[in-house]
Structures are given as C-alpha cells and as structure tokens.
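K.L.:
Supplied structure: my_file.pdb, PDB, C-alpha atoms.
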ATOM      1  CA  MET A   1      24.298  -9.835 -35.976
ATOM      2  CA  ASN A   2      22.635 -12.229 -38.442
ATOM      3  CA  TYR A   3      19.483 -10.652 -39.959
ATOM      4  CA  ALA A   4      18.627 -13.614 -42.196
ATOM      5  CA  GLY A   5      15.024 -14.647 -41.734
ATOM      6  CA  PHE A   6      14.121 -11.560 -39.684
ATOM      7  CA  ASP A   7      10.632 -10.103 -40.164
ATOM      8  CA  LEU A   8       8.147  -7.922 -38.300
ATOM      9  CA  ASN A   9       6.269 -10.942 -36.953
ATOM     10  CA  LEU A  10       9.287 -11.776 -34.810
ATOM     11  CA  ILE A  11       8.949  -8.392 -33.100
ATOM     12  CA  VAL A  12       5.240  -9.068 -32.558
ATOM     13  CA  ALA A  13       6.116 -12.418 -30.970
ATOM     14  CA  PHE A  14       8.793 -10.805 -28.789
ATOM     15  CA  ASP A  15       6.359  -8.100 -27.644
ATOM     16  CA  ALA A  16       3.740 -10.696 -26.703
ATOM     17  CA  LEU A  17       6.324 -12.642 -24.693
ATOM     18  CA  MET A  18       7.385  -9.480 -22.891
ATOM     19  CA  ALA A  19       3.762  -8.778 -21.969
ATOM     20  CA  GLU A  20       2.705 -12.294 -20.974
ATOM     21  CA  ARG A  21       5.986 -13.909 -19.806
ATOM     22  CA  HIS A  22       4.409 -17.238 -20.835
ATOM     23  CA  VAL A  23       4.629 -19.001 -24.219
ATOM     24  CA  THR A  24       1.059 -20.335 -24.333
ATOM     25  CA  ARG A  25      -0.574 -17.052 -23.256
ATOM     26  CA  ALA A  26       1.653 -15.070 -25.603
ATOM     27  CA  ALA A  27       0.653 -17.336 -28.498
ATOM     28  CA  GLN A  28      -3.039 -16.845 -27.679
ATOM     29  CA  ARG A  29      -2.535 -13.091 -27.442
ATOM     30  CA  ILE A  30      -1.370 -12.841 -31.072
ATOM     31  CA  GLY A  31      -3.276 -15.756 -32.586
ATOM     32  CA  LEU A  32      -0.410 -18.242 -33.030
ATOM     33  CA  THR A  33      -0.026 -21.851 -31.980
ATOM     34  CA  GLN A  34       2.405 -22.566 -29.161
ATOM     35  CA  PRO A  35       4.869 -24.354 -31.502
ATOM     36  CA  ALA A  36       4.788 -21.380 -33.891
ATOM     37  CA  LEU A  37       5.613 -18.955 -31.106
ATOM     38  CA  SER A  38       8.370 -21.226 -29.795
ATOM     39  CA  ALA A  39       9.821 -21.324 -33.298
ATOM     40  CA  ALA A  40       9.714 -17.525 -33.505
ATOM     41  CA  LEU A  41      11.531 -17.302 -30.164
ATOM     42  CA  ASN A  42      14.205 -19.703 -31.372
ATOM     43  CA  ARG A  43      14.706 -17.586 -34.516
ATOM     44  CA  LEU A  44      15.048 -14.461 -32.361
ATOM     45  CA  ARG A  45      17.572 -16.219 -30.151
ATOM     46  CA  HIS A  46      19.584 -17.214 -33.200
ATOM     47  CA  ILE A  47      19.480 -13.693 -34.659
ATOM     48  CA  THR A  48      20.371 -11.891 -31.420
ATOM     49  CA  GLY A  49      22.763 -14.497 -30.048
ATOM     50  CA  ASP A  50      20.991 -14.293 -26.689
ATOM     51  CA  GLU A  51      18.539 -16.502 -24.758
ATOM     52  CA  LEU A  52      16.195 -13.471 -24.385
ATOM     53  CA  PHE A  53      13.820 -15.327 -22.009
ATOM     54  CA  ILE A  54      14.785 -17.746 -19.228
ATOM     55  CA  ARG A  55      12.359 -20.122 -17.527
ATOM     56  CA  ALA A  56      11.618 -19.224 -13.894
ATOM     57  CA  PRO A  57       9.130 -20.505 -11.281
ATOM     58  CA  LYS A  58       6.583 -17.845 -12.201
ATOM     59  CA  GLY A  59       7.076 -17.899 -15.971
ATOM     60  CA  LEU A  60       9.624 -16.534 -18.404
ATOM     61  CA  MET A  61      12.054 -13.878 -17.226
ATOM     62  CA  PRO A  62      13.596 -11.536 -19.820
ATOM     63  CA  THR A  63      17.372 -11.296 -19.987
ATOM     64  CA  PRO A  64      19.107  -7.886 -19.861
ATOM     65  CA  ARG A  65      19.413  -8.077 -23.656
ATOM     66  CA  ALA A  66      15.640  -8.540 -23.971
ATOM     67  CA  MET A  67      15.046  -5.556 -21.680
ATOM     68  CA  ASP A  68      17.330  -3.488 -23.908
ATOM     69  CA  LEU A  69      15.442  -4.541 -27.036
ATOM     70  CA  ALA A  70      11.934  -4.009 -25.623
ATOM     71  CA  PRO A  71      11.667  -0.175 -25.939
ATOM     72  CA  ALA A  72      13.041  -0.161 -29.493
ATOM     73  CA  PHE A  73      10.720  -2.984 -30.582
ATOM     74  CA  ARG A  74       7.732  -1.222 -28.962
ATOM     75  CA  THR A  75       8.589   1.930 -30.938
ATOM     76  CA  ILE A  76       8.712  -0.064 -34.177
ATOM     77  CA  LEU A  77       5.320  -1.677 -33.492
ATOM     78  CA  ALA A  78       3.775   1.631 -32.441
ATOM     79  CA  THR A  79       4.980   3.261 -35.668
ATOM     80  CA  VAL A  80       3.548   0.488 -37.830
ATOM     81  CA  ASP A  81       0.352   0.329 -35.764
ATOM     82  CA  GLY A  82      -0.158   4.088 -36.010
ATOM     83  CA  ALA A  83       0.305   4.016 -39.774
ATOM     84  CA  LEU A  84      -2.179   1.190 -40.292
ATOM     85  CA  SER A  85      -4.820   1.773 -37.613
ATOM     86  CA  LEU A  86      -5.942   5.096 -39.062
ATOM     87  CA  GLN A  87      -7.389   3.192 -42.024
ATOM     88  CA  THR A  88      -8.791   0.281 -40.029
ATOM     89  CA  GLU A  89     -12.421  -0.009 -38.964
ATOM     90  CA  PHE A  90     -13.226  -1.938 -35.837
ATOM     91  CA  GLU A  91     -16.287  -4.199 -35.839
ATOM     92  CA  PRO A  92     -17.036  -5.253 -32.238
ATOM     93  CA  ALA A  93     -19.516  -7.971 -33.173
ATOM     94  CA  LEU A  94     -16.888  -9.753 -35.311
ATOM     95  CA  SER A  95     -13.762  -9.023 -33.288
ATOM     96  CA  GLN A  96     -11.747 -11.613 -31.362
ATOM     97  CA  GLN A  97      -9.562  -8.979 -29.736
ATOM     98  CA  VAL A  98      -8.022  -9.641 -26.323
ATOM     99  CA  PHE A  99      -7.736  -6.557 -24.109
ATOM    100  CA  SER A 100      -5.472  -6.400 -21.065
ATOM    101  CA  LEU A 101      -6.857  -4.212 -18.284
ATOM    102  CA  ALA A 102      -4.873  -3.366 -15.139
ATOM    103  CA  LEU A 103      -7.108  -2.848 -12.104
ATOM    104  CA  ALA A 104      -6.714  -2.384  -8.395
ATOM    105  CA  GLU A 105      -9.022  -4.306  -6.079
ATOM    106  CA  HIS A 106     -11.752  -1.663  -5.747
ATOM    107  CA  PRO A 107     -12.176  -0.816  -9.472
ATOM    108  CA  THR A 108     -12.234  -4.556 -10.165
ATOM    109  CA  GLN A 109     -15.131  -4.993  -7.764
ATOM    110  CA  VAL A 110     -16.981  -1.984  -9.191
ATOM    111  CA  LEU A 111     -16.443  -2.510 -12.903
ATOM    112  CA  LEU A 112     -15.642  -6.091 -13.866
ATOM    113  CA  VAL A 113     -19.131  -7.657 -13.794
ATOM    114  CA  PRO A 114     -20.925  -4.832 -15.692
ATOM    115  CA  LEU A 115     -18.045  -4.646 -18.184
ATOM    116  CA  GLU A 116     -18.191  -8.385 -18.893
ATOM    117  CA  LYS A 117     -21.967  -8.180 -19.394
ATOM    118  CA  ALA A 118     -21.600  -5.215 -21.750
ATOM    119  CA  LEU A 119     -18.972  -7.001 -23.845
ATOM    120  CA  ARG A 120     -21.048 -10.178 -24.144
ATOM    121  CA  ALA A 121     -23.968  -8.106 -25.448
ATOM    122  CA  VAL A 122     -22.133  -6.297 -28.258
ATOM    123  CA  ALA A 123     -18.786  -8.068 -28.726
ATOM    124  CA  PRO A 124     -19.120 -11.765 -27.816
ATOM    125  CA  GLY A 125     -15.713 -12.641 -29.281
ATOM    126  CA  VAL A 126     -13.784 -10.055 -27.243
ATOM    127  CA  ASP A 127     -11.914 -11.384 -24.202
ATOM    128  CA  LEU A 128     -10.335  -9.720 -21.166
ATOM    129  CA  ARG A 129      -7.106 -10.253 -19.281
ATOM    130  CA  ILE A 130      -7.205  -8.546 -15.876
ATOM    131  CA  ARG A 131      -3.846  -7.573 -14.363
ATOM    132  CA  ALA A 132      -3.462  -6.794 -10.668
ATOM    133  CA  LEU A 133      -2.469  -3.185 -10.009
ATOM    134  CA  ARG A 134      -0.864  -2.113  -6.736
ATOM    135  CA  ASN A 135       0.492   1.433  -7.175
ATOM    136  CA  ARG A 136       0.918   4.367  -9.549
ATOM    137  CA  GLN A 137       4.438   3.561 -10.702
ATOM    138  CA  GLU A 138       3.357   0.045 -11.582
ATOM    139  CA  THR A 139       0.643   1.604 -13.772
ATOM    140  CA  ILE A 140       3.233   3.476 -15.820
ATOM    141  CA  ARG A 141       5.474   0.419 -16.151
ATOM    142  CA  MET A 142       2.668  -1.881 -17.293
ATOM    143  CA  LEU A 143       1.451   0.605 -19.897
ATOM    144  CA  ASP A 144       5.000   1.330 -21.084
ATOM    145  CA  GLU A 145       5.841  -2.358 -21.478
ATOM    146  CA  GLY A 146       2.528  -3.283 -23.091
ATOM    147  CA  GLN A 147       1.566  -5.592 -20.225
ATOM    148  CA  ALA A 148      -1.718  -3.672 -20.038
ATOM    149  CA  ASP A 149      -3.656  -1.914 -22.771
ATOM    150  CA  LEU A 150      -5.565   0.158 -20.227
ATOM    151  CA  ALA A 151      -5.490   0.799 -16.498
ATOM    152  CA  ILE A 152      -7.963   2.256 -14.041
ATOM    153  CA  GLY A 153      -6.687   4.090 -11.001
ATOM    154  CA  VAL A 154      -5.662   7.495  -9.754
ATOM    155  CA  SER A 155      -3.603   9.692 -12.045
ATOM    156  CA  PRO A 156       0.081   8.675 -12.170
ATOM    157  CA  GLY A 157       1.155  12.316 -12.570
ATOM    158  CA  SER A 158       2.239  14.432 -15.520
ATOM    159  CA  GLU A 159       3.710  11.718 -17.775
ATOM    160  CA  ALA A 160       3.082  13.056 -21.291
ATOM    161  CA  ARG A 161       2.946   9.578 -22.821
ATOM    162  CA  ILE A 162       0.208   8.419 -20.396
ATOM    163  CA  LEU A 163      -3.223   9.754 -21.376
ATOM    164  CA  SER A 164      -6.284   9.784 -19.145
ATOM    165  CA  ARG A 165     -10.062  10.170 -18.983
ATOM    166  CA  HIS A 166     -12.092  10.813 -15.837
ATOM    167  CA  LEU A 167     -14.439   7.961 -14.904
ATOM    168  CA  TRP A 168     -15.930   8.589 -11.455
ATOM    169  CA  THR A 169     -15.270  10.332  -8.140
ATOM    170  CA  GLU A 170     -15.632   9.016  -4.590
ATOM    171  CA  GLU A 171     -15.583  10.719  -1.202
ATOM    172  CA  PHE A 172     -14.023   9.452   2.013
ATOM    173  CA  VAL A 173     -16.329   8.437   4.852
ATOM    174  CA  GLY A 174     -15.808   7.195   8.372
ATOM    175  CA  ILE A 175     -17.161   3.779   9.335
ATOM    176  CA  ALA A 176     -17.832   2.002  12.601
ATOM    177  CA  ARG A 177     -19.685  -1.137  13.613
ATOM    178  CA  LYS A 178     -23.457  -0.783  13.337
ATOM    179  CA  GLY A 179     -24.950   0.490  16.590
ATOM    180  CA  THR A 180     -21.855   2.484  17.543
ATOM    181  CA  ASP A 181     -22.561   6.031  18.723
ATOM    182  CA  VAL A 182     -20.392   7.927  16.232
ATOM    183  CA  SER A 183     -21.539  11.444  17.162
ATOM    184  CA  ARG A 184     -18.332  12.235  19.032
ATOM    185  CA  PHE A 185     -16.163  10.833  16.226
ATOM    186  CA  ALA A 186     -18.028  12.948  13.688
ATOM    187  CA  GLN A 187     -17.721  16.138  15.751
ATOM    188  CA  SER A 188     -14.327  15.957  17.460
ATOM    189  CA  THR A 189     -11.037  15.427  15.681
ATOM    190  CA  ARG A 190      -9.409  14.541  18.999
ATOM    191  CA  ASP A 191     -12.020  11.879  19.791
ATOM    192  CA  TYR A 192     -11.639  10.505  16.262
ATOM    193  CA  ALA A 193      -7.865  10.268  16.677
ATOM    194  CA  GLU A 194      -8.218   8.473  20.017
ATOM    195  CA  GLY A 195     -10.161   5.619  18.410
ATOM    196  CA  ARG A 196      -8.447   2.425  17.274
ATOM    197  CA  HIS A 197      -8.226   2.429  13.480
ATOM    198  CA  VAL A 198      -7.853   0.116  10.487
ATOM    199  CA  LEU A 199      -5.702   1.438   7.629
ATOM    200  CA  PHE A 200      -5.677   0.125   4.068
ATOM    201  CA  SER A 201      -2.121   0.504   2.743
ATOM    202  CA  PRO A 202      -1.030  -1.507  -0.314
ATOM    203  CA  GLU A 203       2.552  -0.296   0.233
ATOM    204  CA  ALA A 204       2.462  -1.399   3.921
ATOM    205  CA  GLU A 205       3.000   2.166   5.100
ATOM    206  CA  ASP A 206       1.766   3.298   8.532
ATOM    207  CA  ARG A 207       0.550   6.660   7.295
ATOM    208  CA  GLY A 208      -2.236   7.825   4.998
ATOM    209  CA  LEU A 209      -4.312  10.886   4.146
ATOM    210  CA  VAL A 210      -6.063  10.778   7.520
ATOM    211  CA  ASP A 211      -2.747  10.846   9.371
ATOM    212  CA  ALA A 212      -1.632  13.880   7.373
ATOM    213  CA  ALA A 213      -4.899  15.673   8.252
ATOM    214  CA  LEU A 214      -4.534  14.810  11.937
ATOM    215  CA  ALA A 215      -0.899  15.887  11.999
ATOM    216  CA  LYS A 216      -1.967  19.404  10.979
ATOM    217  CA  GLU A 217      -3.782  19.604  14.320
ATOM    218  CA  GLY A 218      -0.941  18.010  16.247
ATOM    219  CA  LEU A 219      -2.766  14.691  16.586
ATOM    220  CA  LYS A 220      -1.855  11.087  15.869
ATOM    221  CA  ARG A 221      -4.177   8.097  15.715
ATOM    222  CA  ARG A 222      -3.605   4.534  16.865
ATOM    223  CA  LEU A 223      -3.438   2.023  14.018
ATOM    224  CA  GLY A 224      -4.805  -1.242  15.328
ATOM    225  CA  VAL A 225      -4.505  -3.065  11.996
ATOM    226  CA  THR A 226      -2.844  -2.177   8.696
ATOM    227  CA  VAL A 227      -3.898  -4.316   5.723
ATOM    228  CA  GLY A 228      -3.036  -4.494   2.050
ATOM    229  CA  TYR A 229      -6.498  -5.629   0.940
ATOM    230  CA  THR A 230      -9.213  -3.034   0.378
ATOM    231  CA  TYR A 231     -12.235  -5.099   1.306
ATOM    232  CA  ALA A 232     -10.689  -6.467   4.471
ATOM    233  CA  VAL A 233     -11.299  -3.039   6.045
ATOM    234  CA  PRO A 234     -15.143  -2.965   6.199
ATOM    235  CA  SER A 235     -15.145  -6.629   7.209
ATOM    236  CA  LEU A 236     -12.848  -5.935  10.169
ATOM    237  CA  VAL A 237     -14.720  -2.821  11.255
ATOM    238  CA  ALA A 238     -18.117  -4.552  11.065
ATOM    239  CA  GLN A 239     -16.868  -7.199  13.504
ATOM    240  CA  SER A 240     -14.830  -5.086  15.932
ATOM    241  CA  ASP A 241     -14.750  -1.801  17.843
ATOM    242  CA  MET A 242     -12.308  -0.236  15.388
ATOM    243  CA  LEU A 243     -12.866   2.745  13.081
ATOM    244  CA  ALA A 244     -11.744   3.278   9.502
ATOM    245  CA  THR A 245     -11.786   5.967   6.852
ATOM    246  CA  VAL A 246     -12.529   4.542   3.416
ATOM    247  CA  LEU A 247     -14.020   5.530   0.097
ATOM    248  CA  SER A 248     -17.809   5.484  -0.045
ATOM    249  CA  GLY A 249     -17.803   2.987  -2.918
ATOM    250  CA  ILE A 250     -15.859   0.470  -0.852
ATOM    251  CA  VAL A 251     -18.621   0.491   1.752
ATOM    252  CA  ARG A 252     -21.258   0.069  -0.961
ATOM    253  CA  GLU A 253     -19.496  -2.814  -2.697
ATOM    254  CA  SER A 254     -18.198  -4.596   0.395
ATOM    255  CA  GLY A 255     -21.345  -6.523   1.311
ATOM    256  CA  PHE A 256     -21.050  -5.166   4.865
ATOM    257  CA  SER A 257     -22.911  -1.865   4.455
ATOM    258  CA  GLY A 258     -25.835  -3.181   6.529
ATOM    259  CA  GLN A 259     -23.440  -3.907   9.404
ATOM    260  CA  LEU A 260     -21.764  -0.503   9.424
ATOM    261  CA  THR A 261     -22.526   3.027  10.572
ATOM    262  CA  VAL A 262     -21.276   5.591   8.058
ATOM    263  CA  PHE A 263     -20.438   9.168   9.051
ATOM    264  CA  LYS A 264     -18.566  12.221   7.822
ATOM    265  CA  PRO A 265     -15.101  12.596   9.397
ATOM    266  CA  PRO A 266     -14.537  15.790  11.405
ATOM    267  CA  PHE A 267     -11.906  17.077   8.947
ATOM    268  CA  GLU A 268     -11.657  17.642   5.221
ATOM    269  CA  LEU A 269     -10.206  15.009   2.920
ATOM    270  CA  PRO A 270      -9.769  15.275  -0.851
ATOM    271  CA  SER A 271     -12.106  13.259  -3.053
ATOM    272  CA  ILE A 272     -10.559  10.557  -5.231
ATOM    273  CA  SER A 273     -10.960  10.694  -8.990
ATOM    274  CA  TYR A 274     -10.644   7.348 -10.757
ATOM    275  CA  GLN A 275      -9.100   7.694 -14.195
ATOM    276  CA  LEU A 276      -8.967   5.518 -17.289
ATOM    277  CA  LEU A 277      -5.295   5.468 -18.332
ATOM    278  CA  TRP A 278      -3.636   4.399 -21.577
ATOM    279  CA  HIS A 279      -0.405   4.837 -23.492
ATOM    280  CA  ARG A 280      -0.182   7.418 -26.252
ATOM    281  CA  ARG A 281       0.833   4.745 -28.767
ATOM    282  CA  THR A 282      -2.674   3.199 -28.626
ATOM    283  CA  ASP A 283      -4.564   6.491 -28.586
ATOM    284  CA  ALA A 284      -5.767   6.378 -32.211
ATOM    285  CA  HIS A 285      -6.276   2.618 -32.533
ATOM    286  CA  PRO A 286      -9.955   1.991 -33.446
ATOM    287  CA  ALA A 287     -10.295  -1.085 -31.221
ATOM    288  CA  HIS A 288      -8.807   0.715 -28.264
ATOM    289  CA  CYS A 289     -10.934   3.820 -28.899
ATOM    290  CA  TRP A 290     -14.033   1.606 -28.881
ATOM    291  CA  PHE A 291     -13.004  -0.203 -25.686
ATOM    292  CA  ARG A 292     -12.307   3.076 -23.890
ATOM    293  CA  ASP A 293     -15.758   4.332 -24.887
ATOM    294  CA  VAL A 294     -17.396   1.148 -23.567
ATOM    295  CA  ILE A 295     -15.747   1.663 -20.181
ATOM    296  CA  GLY A 296     -16.495   5.386 -20.175
ATOM    297  CA  THR A 297     -20.178   4.770 -20.892
ATOM    298  CA  LEU A 298     -20.436   2.177 -18.121
ATOM    299  CA  CYS A 299     -18.817   4.464 -15.584
ATOM    300  CA  GLY A 300     -21.051   7.348 -16.622
ATOM    301  CA  ASN A 301     -23.936   5.331 -15.179
ATOM    302  CA  PHE A 302     -22.347   5.003 -11.720
TER     303      PHE A 302
END
Output the file's structure as structure tokens, nothing else.

P.N.:
Amino acid sequence: MNYAGFDLNLIVAFDALMAERHVTRAAQRIGLTQPALSAALNRLRHITGDELFIRAPKGLMPTPRAMDLAPAFRTILATVDGALSLQTEFEPALSQQVFSLALAEHPTQVLLVPLEKALRAVAPGVDLRIRALRNRQETIRMLDEGQADLAIGVSPGSEARILSRHLWTEEFVGIARKGTDVSRFAQSTRDYAEGRHVLFSPEAEDRGLVDAALAKEGLKRRLGVTVGYTYAVPSLVAQSDMLATVLSGIVRESGFSGQLTVFKPPFELPSISYQLLWHRRTDAHPAHCWFRDVIGTLCGNF
C-alpha cells in the first residue's frame, strides 16, 4: 500500500462519506468544498487501490473494502477526538456545528419544532440533519457508523457502547371514533378483542403488545388494517368504526384528538420510555454534551 500523501484529514473525509453517502453533503458536514472532498476521495482511492464508493441511484455505496476500513477509521477518529475534546470549550452562540439526529415518526412530531426554536434562540449557527429511524437495530447501526450523532427511541438493549438518558414516558390508551360507546371495550377483554383493529407495525408484523396480552387470555383480535405510519392510526380510527391501541402522545399530537374517544384498555400494558441514545465515543465531547442537555431540558418540560 502506498502511504505517500496520507494524513488524518483523509480519514475525516472518508468518515463523512460513510455517514452521508453523498459528496456534497459530506463536504458540508466537515466544512470542505465539493472539489476538495472529491480530491480527498481520489487520494484515498489511490492509496488503497480501491474505488471505496460507487455511484448508485440513491447516492454513493461503499465497497466491501470501504466497509472493512470504516470501523478502524472510526476508532482512529474517536481516539483523536477523545484526546482533544477534553480541552475544548464549546460556545453555542458561535458554533456552526451540524448535528445528525435519528428519529422515528412520533419523536419527530413531538420534539422537532421545539428543538429548532431552542437552537435558534441560543445557537443560531447550529444546524440539524434528521435521519429516519425504523427499528432498534437500525439505531445501533447508525450510531456505530456515525450516520447519527444521537437517536431518540426505545432502548436498544444492553449494548455497552450505546449510552442512554431517559427523556419521557407514555402510556398506551385505546381509541375509537368520537361518539362510540366504549364502555364495553374498556370493561371486557373479550369485547375488546372482537372489535376490528388498526395496528401500527413498522416491521409489517401482524402482532404487537396487545396481541401478546390477549393471547394470555386465549383471545385473538381481528386486524382490519396494519400500517407502517404512526399517525395514520388516529386518522383511520377517527373516520371508521375500528379501534386501536396507541401511545397517549400520538393521540395528542395527531390533530385528531377532538374526533376520538380515549379509554383505558381492559388489560395491563407496559409504559414506553423514550430514551436519548448516543455512542460512547462522543460521550465526553463538549458540543455533544451541550446538545444532549438541550434535548434533555426540552423533554423535561413535556
């Protein structure tokens, strides 16, 4: 391998390309011009003897060689970042930092507007990149690969490298179209199961927490509609005779609360704790510490 002309900035450029999969966005992420980043990529290709990134319909796709290099390069950057960030002060009012935040549909609806307002008030130069988040394993991958600086969702489990902070808790409620007599659904598990239901399932599965609770009593509900979009559920219920079991915050944020009857299901369901998640490598970084505190303070007001 030819190491002539190799420097740390090439690793920074590579890491940005891995995160963004797009030359222009990667250049913006690290404060370079597009030609400068393209030149850095060409130098990396020459040094490694590999294309590293191939153009595809949805952006740049890393080659197997690039995927092999990514963890080692992330370790190098984390080591350098950890050594330097301890002596770095972060000044929000002067910063032009770009933070990548991975959010599912519901946390986006709850948090994005107040977060943007808070940033404009104290850090007008700070920008956000919101990444769509579909499931727990995707959370781990995006944080591992640096595609997201932070994520908000349910805990991904006991991964030691993924750190977390509790933000808010929501309870499950039953919903029906406004004017529906829900007394029997609230009192009888059998009557509840016999209703026609809407299920939110981002993984397109035909089973959720409600189905597990019903199965304990030997019951099974009819799923009239299964959807992969959170806020489609209250919309459907408000305009049909179907039932659904959703988080209370989804009802509040949906814009359909005035068209729904909300009730407590006739069985116990666990509450959902939304967590702020980040990778251990960014734990001590002053900018990231500040950003986590901004989000934590906002969510403390919910």

K.L.:
If you count all atoms listed in the file, which residues fall within 8 Å of region 146-150 of chain A, apart from same-chain ones fewer than 5 positions away, as number ranges by chain?

P.N.:
A: 15, 18-20, 99-102, 131, 276-279, 282, 288

K.L.:
Using only C-alpha atoms, determine which residues lie at most 7 Å from region 5-13 of chain A, disregarding the query and same-chain residues fewer than 2 positions distant; provide the list as a ChimeraX atom specification.

P.N.:
/A:3,15-17,37,40,44,73

K.L.:
How many Å separate CA of Pro107 (chain A) from CA of Gly249 (chain A)?

P.N.:
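Here the two named atoms are 9.4 Å from each other.
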
K.L.:
How would you write, as a PyMOL selection string, the residues chosen by the PyMOL selection byres ((chain A and resi 295) around 12) on this structure?

P.N.:
chain A and resi 101+107+110-119+150-152+165-168+275-277+288-294+296-302

K.L.:
Emit the selected residues as a PDB file, keeping the file's coordinate frame, including C-alpha atoms.

P.N.:
ATOM      1  CA  LEU A 101      -6.857  -4.212 -18.284  1.00  0.00           C
ATOM      2  CA  PRO A 107     -12.176  -0.816  -9.472  1.00  0.00           C
ATOM      3  CA  VAL A 110     -16.981  -1.984  -9.191  1.00  0.00           C
ATOM      4  CA  LEU A 111     -16.443  -2.510 -12.903  1.00  0.00           C
ATOM      5  CA  LEU A 112     -15.642  -6.091 -13.866  1.00  0.00           C
ATOM      6  CA  VAL A 113     -19.131  -7.657 -13.794  1.00  0.00           C
ATOM      7  CA  PRO A 114     -20.925  -4.832 -15.692  1.00  0.00           C
ATOM      8  CA  LEU A 115     -18.045  -4.646 -18.184  1.00  0.00           C
ATOM      9  CA  GLU A 116     -18.191  -8.385 -18.893  1.00  0.00           C
ATOM     10  CA  LYS A 117     -21.967  -8.180 -19.394  1.00  0.00           C
ATOM     11  CA  ALA A 118     -21.600  -5.215 -21.750  1.00  0.00           C
ATOM     12  CA  LEU A 119     -18.972  -7.001 -23.845  1.00  0.00           C
ATOM     13  CA  LEU A 150      -5.565   0.158 -20.227  1.00  0.00           C
ATOM     14  CA  ALA A 151      -5.490   0.799 -16.498  1.00  0.00           C
ATOM     15  CA  ILE A 152      -7.963   2.256 -14.041  1.00  0.00           C
ATOM     16  CA  ARG A 165     -10.062  10.170 -18.983  1.00  0.00           C
ATOM     17  CA  HIS A 166     -12.092  10.813 -15.837  1.00  0.00           C
ATOM     18  CA  LEU A 167     -14.439   7.961 -14.904  1.00  0.00           C
ATOM     19  CA  TRP A 168     -15.930   8.589 -11.455  1.00  0.00           C
ATOM     20  CA  GLN A 275      -9.100   7.694 -14.195  1.00  0.00           C
ATOM     21  CA  LEU A 276      -8.967   5.518 -17.289  1.00  0.00           C
ATOM     22  CA  LEU A 277      -5.295   5.468 -18.332  1.00  0.00           C
ATOM     23  CA  HIS A 288      -8.807   0.715 -28.264  1.00  0.00           C
ATOM     24  CA  CYS A 289     -10.934   3.820 -28.899  1.00  0.00           C
ATOM     25  CA  TRP A 290     -14.033   1.606 -28.881  1.00  0.00           C
ATOM     26  CA  PHE A 291     -13.004  -0.203 -25.686  1.00  0.00           C
ATOM     27  CA  ARG A 292     -12.307   3.076 -23.890  1.00  0.00           C
ATOM     28  CA  ASP A 293     -15.758   4.332 -24.887  1.00  0.00           C
ATOM     29  CA  VAL A 294     -17.396   1.148 -23.567  1.00  0.00           C
ATOM     30  CA  GLY A 296     -16.495   5.386 -20.175  1.00  0.00           C
ATOM     31  CA  THR A 297     -20.178   4.770 -20.892  1.00  0.00           C
ATOM     32  CA  LEU A 298     -20.436   2.177 -18.121  1.00  0.00           C
ATOM     33  CA  CYS A 299     -18.817   4.464 -15.584  1.00  0.00           C
ATOM     34  CA  GLY A 300     -21.051   7.348 -16.622  1.00  0.00           C
ATOM     35  CA  ASN A 301     -23.936   5.331 -15.179  1.00  0.00           C
ATOM     36  CA  PHE A 302     -22.347   5.003 -11.720  1.00  0.00           C
TER      37      PHE A 302
END

K.L.:
What is the distance between CA of Phe185 (chain A) and CA of Pro265 (chain A), in Å to one decimal?

P.N.:
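That distance, rounded to one decimal, is 7.1 Å.
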
K.L.:
Could you please determine the separation between CA of Pro202 (chain A) and CA of Arg134 (chain A) in Å, to one decimal place?

P.N.:
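It comes out at 6.5 Å.
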
K.L.:
Evaluate the PyMOL selection byres ((chain A and resi 240) around 12) and record the selected residues as a list in words, following the chain and residue labels used in the document.

P.N.:
Ile175, Ala176, Arg177, Lys178, Gly179, Thr180, Gly195, Arg196, His197, Val198, Gly224, Val225, Val233, Pro234, Ser235, Leu236, Val237, Ala238, Gln239, Asp241, Met242, Leu243, Ala244, Gln259 and Leu260 of chain A

K.L.:
Which of these, A:Leu247, A:Leu41, A:Leu199, A:Leu69, has the shortest distance to Ile54 (chain A) once you count all atoms listed in the file?

P.N.:
A:Leu41

K.L.:
Please expand the PyMOL selection byres ((chain A and resi 186) around 6) into the concrete residues it hits in this file, giving the result as a ChimeraX atom specification.

P.N.:
/A:183-185,187,264-266

K.L.:
Could you pull the residues within 7 Å of region 213-219 of chain A, counting all atoms listed in the file, minus those fewer than 3 positions along the same chain, as a JSON list (two decimals) with C-alpha atoms, in the frame of the given file?

P.N.:
[["chain", "number", "residue", "atom", "x", "y", "z"],
["A", 193, "ALA", "CA", -7.86, 10.27, 16.68],
["A", 209, "LEU", "CA", -4.31, 10.89, 4.15],
["A", 210, "VAL", "CA", -6.06, 10.78, 7.52]]

K.L.:
Let me know the centre plus edge lengths, in Å and rounded to one decimal, of a box with edges along x, y and z that contains all listed atoms of region 234-248 of chain A and is padded by 6 Å on every side, as lines of an AutoDock Vina configuration file.

P.N.:
center_x = -14.9
center_y = -0.6
center_z = 8.9
size_x = 18.4
size_y = 25.2
size_z = 29.9

K.L.:
Which residue, A:His22, A:Lys220, A:Ser164, A:Ala72, has the smallest gap to Arg190 (chain A) when you use only C-alpha atoms?

P.N.:
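Among the listed residues, the smallest separation from Arg190 (chain A) belongs to A:Lys220.
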
K.L.:
Go through A:Pro71, A:Glu253, A:Gly174, A:Glu194 one by one, measure the shortest atom-to-atom distance of each to Arg141 (chain A) using all atoms listed in the file, and give the residue with the smallest value.

P.N.:
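Using all atoms listed in the file, the shortest distance to Arg141 (chain A) belongs to A:Pro71.
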
K.L.:
I'd like the neighbourhood of Glu51 (chain A) as a list of chain:residue names, where a residue qualifies if any of its atoms comes within 10 Å (using all atoms listed in the file), though same-chain residues fewer than 3 positions away should be ignored.

P.N.:
A:Leu41, A:Asn42, A:Leu44, A:Arg45, A:His46, A:Thr48, A:Ile54, A:Pro62, A:Thr63, A:Pro64, A:Arg65, A:Ala66
